[in-house]
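Here is the structure we will look at.
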Amino acid sequence: MGKPKFYDFCVHAAPDGDHTATELVSLARHFGYSGIAVANHSDKLPDKKSVMPSVEGFEVFRGIELVEENPSKLHSLIGKFRSSMDVLIVHGGSEAVNRAALENHRVDILNHPAFDRSNGLNQVLAKAAAENGVAIGITLRPFLHSRGSRRIRLLSDLKANLELTRKYEVPLVLCSDAMSCFDLRSPMETLALAEVCGLEEDEALDAISTVPERILTKNRPGPGYVREGIEVLEGEDLF
Amino acid sequence: MKRLLPSLRAKKRYLAFELISEEPASRNDIVREVISSAASLLGDVTTSDCDIKVLGFEDGKGILQCSHTRVKDTRASLAALTRINGKRATLHVLGASGTVKRATEKFLQDDRLFESEVEP
């Protein structure tokens, strides 16, 4: 096994965040990431389709973070954006939205599911997430920018969610949710912070490299791909 | 006072870091923010175990010392630092080493410092 590749799947570029995609990409590359997904909130999309900056040896994925309160509208938004996006994230935050996102296998990640006084997940939703392969996103920005009672609240929500995701084997994704360059953290620091916040070492590593890679292979099928489970293999000695 | 035997001295790691910030900061600012961020994230008890000291800082790069068993906690508390003097900033750890000399040679010699093109 070689050196793991690190990905950050939730970075907000201008006009959603403060800095342009180019600045974020150059900083992420400097930090040692192999790729990032620029995933702006769906209510703050640029008017025209933006061109993704291309840098050699670094991948920039098209992503989107859907913000929608109404579950049926959310499903139609998922249908609308699914084919054009590499990474599809749903911005959670109410029971209906969390449920709609976790029960839709076309969603990749559900971010910040917690709301009011709840951690956002329960055994029913965790089971649905595991069945549909929807990952739970752990976003770093709230942990960085809050202190005291707010951070304690976030950590206890995270720990409650971790209990459930471990029991039902729900995939996790670590992402920065960066609104500016100053919210980005290098992979090693992200891992260290995740471990301090209660993740195991291998869980944290999976959440920043293996799970993102799996999402990518799912959404960018190879040349011989026919449909799920069927693939045309080429080569001489297959059998 | 008699100096401790080498085998009895606390073992340390030295982290080379660079500062990426809106405005330049002094060593004292960094010391203050690092300790306050560590105390907030880890609590006073664990922070005292970490034994964090900023040894030197100039031109956006520096070296800090921590206990060799607490590198992870120290990295986490550096990651949790978001502001210095009220201006947005982040510390990027370039690498860890067992001696100051090696940390300097390995991580601070070359000019790979990130060009601060993120001015507001």
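Ordered as shown in the structure tokens, chains take letters A, B, and onward, while each chain numbers its residues from 1 and ligands are numbered from 1 in the order shown.
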
Query raised in the report: DSSP on the backbone: what in segment 74-218 of chain A comes out helix (DSSP H, G or I), as a PyMOL selection string?
Result: chain A and resi 74-82+95-102+123-132+141-145+149-168+181-183+187-196+201-218

Requested in this report: Return as number ranges by chain the full set of residues in segment 47-155 of chain A whose backbone-based DSSP assignment is strand (DSSP E).
Outcome: A: 59-66, 87-91, 109-111, 135-139

May I have the selected residues written with C-alpha atoms, as a PDB file, in the first residue's frame?
```
ATOM      1  CA  GLU A  59      -7.831  16.913  -9.001  1.00  0.00           C
ATOM      2  CA  VAL A  60     -10.662  19.388  -8.636  1.00  0.00           C
ATOM      3  CA  PHE A  61     -14.100  17.844  -8.494  1.00  0.00           C
ATOM      4  CA  ARG A  62     -17.415  19.446  -9.190  1.00  0.00           C
ATOM      5  CA  GLY A  63     -19.643  19.293  -6.165  1.00  0.00           C
ATOM      6  CA  ILE A  64     -22.727  20.883  -4.759  1.00  0.00           C
ATOM      7  CA  GLU A  65     -24.255  21.212  -1.323  1.00  0.00           C
ATOM      8  CA  LEU A  66     -28.024  21.190  -1.674  1.00  0.00           C
ATOM      9  CA  VAL A  87     -19.955  14.895  -5.322  1.00  0.00           C
ATOM     10  CA  LEU A  88     -23.481  15.562  -4.143  1.00  0.00           C
ATOM     11  CA  ILE A  89     -23.839  16.772  -0.567  1.00  0.00           C
ATOM     12  CA  VAL A  90     -27.067  17.533   1.271  1.00  0.00           C
ATOM     13  CA  HIS A  91     -27.087  20.231   3.922  1.00  0.00           C
ATOM     14  CA  ILE A 109     -22.810  12.819   1.824  1.00  0.00           C
ATOM     15  CA  LEU A 110     -25.132  14.305   4.437  1.00  0.00           C
ATOM     16  CA  ASN A 111     -23.501  17.244   6.205  1.00  0.00           C
ATOM     17  CA  ALA A 135     -21.848   8.963   4.158  1.00  0.00           C
ATOM     18  CA  ILE A 136     -22.174  11.254   7.158  1.00  0.00           C
ATOM     19  CA  GLY A 137     -19.994  14.329   6.763  1.00  0.00           C
ATOM     20  CA  ILE A 138     -17.993  15.544   9.741  1.00  0.00           C
ATOM     21  CA  THR A 139     -17.308  19.203   9.091  1.00  0.00           C
TER      22      THR A 139
END
```

Query - Point-to-point distance in Å for atom CA of Arg106 of chain A and atom CA of Asp86 of chain A - result: 11.1 Å

Report summary line: A straight line from atom CA of Arg117 of chain A to atom CA of Val173 of chain A spans 22.9 Å

Requested in this report: Just the residues within 7 Å of segment 68-74 of chain B, please, counting only C-alpha atoms, with nothing from its chain fewer than 3 positions along; format it as an MDAnalysis selection string.
Outcome: (chainID A and resid 192 196) or (chainID B and resid 11:13 50 77:78)

Take the selection from the previous step and output its residues with N, CA and C atoms, as a tab-separated table (two decimals), in the first residue's frame.
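Output contents, as saved in out.tsv:
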```tsv
chain	number	residue	atom	x	y	z
A	192	ALA	N	-5.38	14.68	13.24
A	192	ALA	CA	-5.09	14.86	14.66
A	192	ALA	C	-6.31	15.41	15.39
A	196	VAL	N	-8.57	13.70	18.36
A	196	VAL	CA	-8.84	14.34	19.65
A	196	VAL	C	-10.35	14.42	19.89
B	11	LYS	N	11.42	13.65	27.02
B	11	LYS	CA	11.68	13.56	25.58
B	11	LYS	C	10.76	14.51	24.85
B	12	LYS	N	11.30	15.09	23.79
B	12	LYS	CA	10.54	16.14	23.10
B	12	LYS	C	10.47	15.88	21.62
B	13	ARG	N	9.51	16.52	20.98
B	13	ARG	CA	9.47	16.59	19.53
B	13	ARG	C	9.45	18.06	19.16
B	50	CYS	N	1.35	18.43	27.46
B	50	CYS	CA	1.89	18.65	26.11
B	50	CYS	C	3.20	19.43	26.15
B	77	SER	N	-4.35	21.06	18.59
B	77	SER	CA	-4.60	22.39	19.14
B	77	SER	C	-4.06	23.47	18.22
B	78	LEU	N	-3.03	23.15	17.42
B	78	LEU	CA	-2.59	24.12	16.41
B	78	LEU	C	-3.65	24.27	15.33
```

Query - Interface, chain B side, toward chain A (8 Å; only C-alpha atoms) as a VMD selection string - result: chain B and resid 20 to 21 40 to 41 72 to 73 75 to 82 88 to 90 92 to 93 114 117 to 118

Can you spit out the residues from that selection as a compact mmCIF listing (two decimals), in the first residue's frame, using C-alpha atoms?
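New file result.txt:
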```
# COMPACT_ATOMS: atom_id res chain seq x y z
CA ILE B 20 -0.64 31.74 6.90
CA SER B 21 -2.46 34.85 7.95
CA SER B 40 -9.70 25.54 25.22
CA LEU B 41 -9.54 22.32 23.19
CA LYS B 72 -1.15 14.54 18.07
CA ASP B 73 -2.79 16.68 20.74
CA ARG B 75 -1.17 19.28 16.21
CA ALA B 76 -4.89 19.30 16.99
CA SER B 77 -4.60 22.39 19.14
CA LEU B 78 -2.59 24.12 16.41
CA ALA B 79 -5.34 23.21 13.96
CA ALA B 80 -7.96 24.65 16.30
CA LEU B 81 -6.25 28.05 16.14
CA THR B 82 -8.27 30.34 13.91
CA ARG B 88 -7.78 35.24 10.55
CA ALA B 89 -4.75 32.97 10.59
CA THR B 90 -3.75 29.34 10.46
CA HIS B 92 0.51 24.77 9.07
CA VAL B 93 2.78 22.12 10.56
CA PHE B 114 3.38 29.22 0.68
CA GLU B 117 -1.77 35.14 -2.32
CA VAL B 118 -4.81 35.05 -0.10
```

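Closest to Ala16 of chain B among B:Ile63, B:Val54, B:Ile35, B:Leu91 is B:Ile63, based on only C-alpha atoms.
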
Query raised in the report: Hey, what's within 9 Å of Gly32 of chain A if we count only C-alpha atoms and toss same-chain stuff fewer than 6 positions away? As a PyMOL selection string, please?
Result: chain A and resi 5-6+186-187

**Report entry** Distance query Gly17 of chain A at most 8 Å, only C-alpha atoms, self and fewer than 6 positions along chain excluded, as number ranges by chain
**Finding:** A: 40, 178-180

Report task. Could you tell me how far atom CA of Glu23 of chain B lies from atom CA of Ala96 of chain B, in Å and to one decimal? Result -> 25.5 Å

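The environment of Leu108 of chain B within 12 Å, counting only C-alpha atoms and disregarding residues fewer than 2 places along the same chain, consists of Leu15, Ala16, Phe17, Glu18, Gly56, Phe57, Glu58, Asp59, Gly60, Lys61, Gly62, Ile63, Val93, Leu94, Gly95, Ala96, Ser97, Val100, Lys101, Arg102, Ala103, Thr104, Glu105, Lys106, Asp110, Asp111, Arg112 and Leu113 of chain B.
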
Based on the selection just made, write C-alpha atoms of those residues as a PDB file, in the first residue's frame.
```
ATOM      1  CA  LEU B  15       7.368  20.855  15.110  1.00  0.00           C
ATOM      2  CA  ALA B  16       8.324  23.179  12.293  1.00  0.00           C
ATOM      3  CA  PHE B  17       5.408  25.364  11.268  1.00  0.00           C
ATOM      4  CA  GLU B  18       4.507  28.209   8.964  1.00  0.00           C
ATOM      5  CA  GLY B  56      11.514  30.708  17.702  1.00  0.00           C
ATOM      6  CA  PHE B  57       9.526  32.480  15.058  1.00  0.00           C
ATOM      7  CA  GLU B  58      10.580  34.771  12.258  1.00  0.00           C
ATOM      8  CA  ASP B  59       9.548  35.494   8.658  1.00  0.00           C
ATOM      9  CA  GLY B  60       6.385  33.447   8.913  1.00  0.00           C
ATOM     10  CA  LYS B  61       8.140  30.248   9.989  1.00  0.00           C
ATOM     11  CA  GLY B  62       9.002  28.871  13.371  1.00  0.00           C
ATOM     12  CA  ILE B  63       9.656  25.903  15.586  1.00  0.00           C
ATOM     13  CA  VAL B  93       2.785  22.124  10.565  1.00  0.00           C
ATOM     14  CA  LEU B  94       5.553  21.335   8.083  1.00  0.00           C
ATOM     15  CA  GLY B  95       6.870  18.354   9.987  1.00  0.00           C
ATOM     16  CA  ALA B  96       8.051  16.929  13.287  1.00  0.00           C
ATOM     17  CA  SER B  97      11.520  15.915  14.350  1.00  0.00           C
ATOM     18  CA  VAL B 100      15.864  21.327  16.621  1.00  0.00           C
ATOM     19  CA  LYS B 101      18.778  21.001  14.184  1.00  0.00           C
ATOM     20  CA  ARG B 102      17.131  18.289  12.139  1.00  0.00           C
ATOM     21  CA  ALA B 103      13.769  20.057  12.127  1.00  0.00           C
ATOM     22  CA  THR B 104      15.423  23.216  10.836  1.00  0.00           C
ATOM     23  CA  GLU B 105      17.420  21.397   8.171  1.00  0.00           C
ATOM     24  CA  LYS B 106      14.584  19.235   7.009  1.00  0.00           C
ATOM     25  CA  ASP B 110      14.046  25.303   1.364  1.00  0.00           C
ATOM     26  CA  ASP B 111      11.881  28.166   0.245  1.00  0.00           C
ATOM     27  CA  ARG B 112       8.685  26.226  -0.139  1.00  0.00           C
ATOM     28  CA  LEU B 113       6.859  28.749   2.011  1.00  0.00           C
TER      29      LEU B 113
END
```

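Nearest to Ser37 of chain B of all the residues B:Ile52, B:Arg3, B:Ala25, B:Leu19 is B:Ile52, based on only C-alpha atoms.
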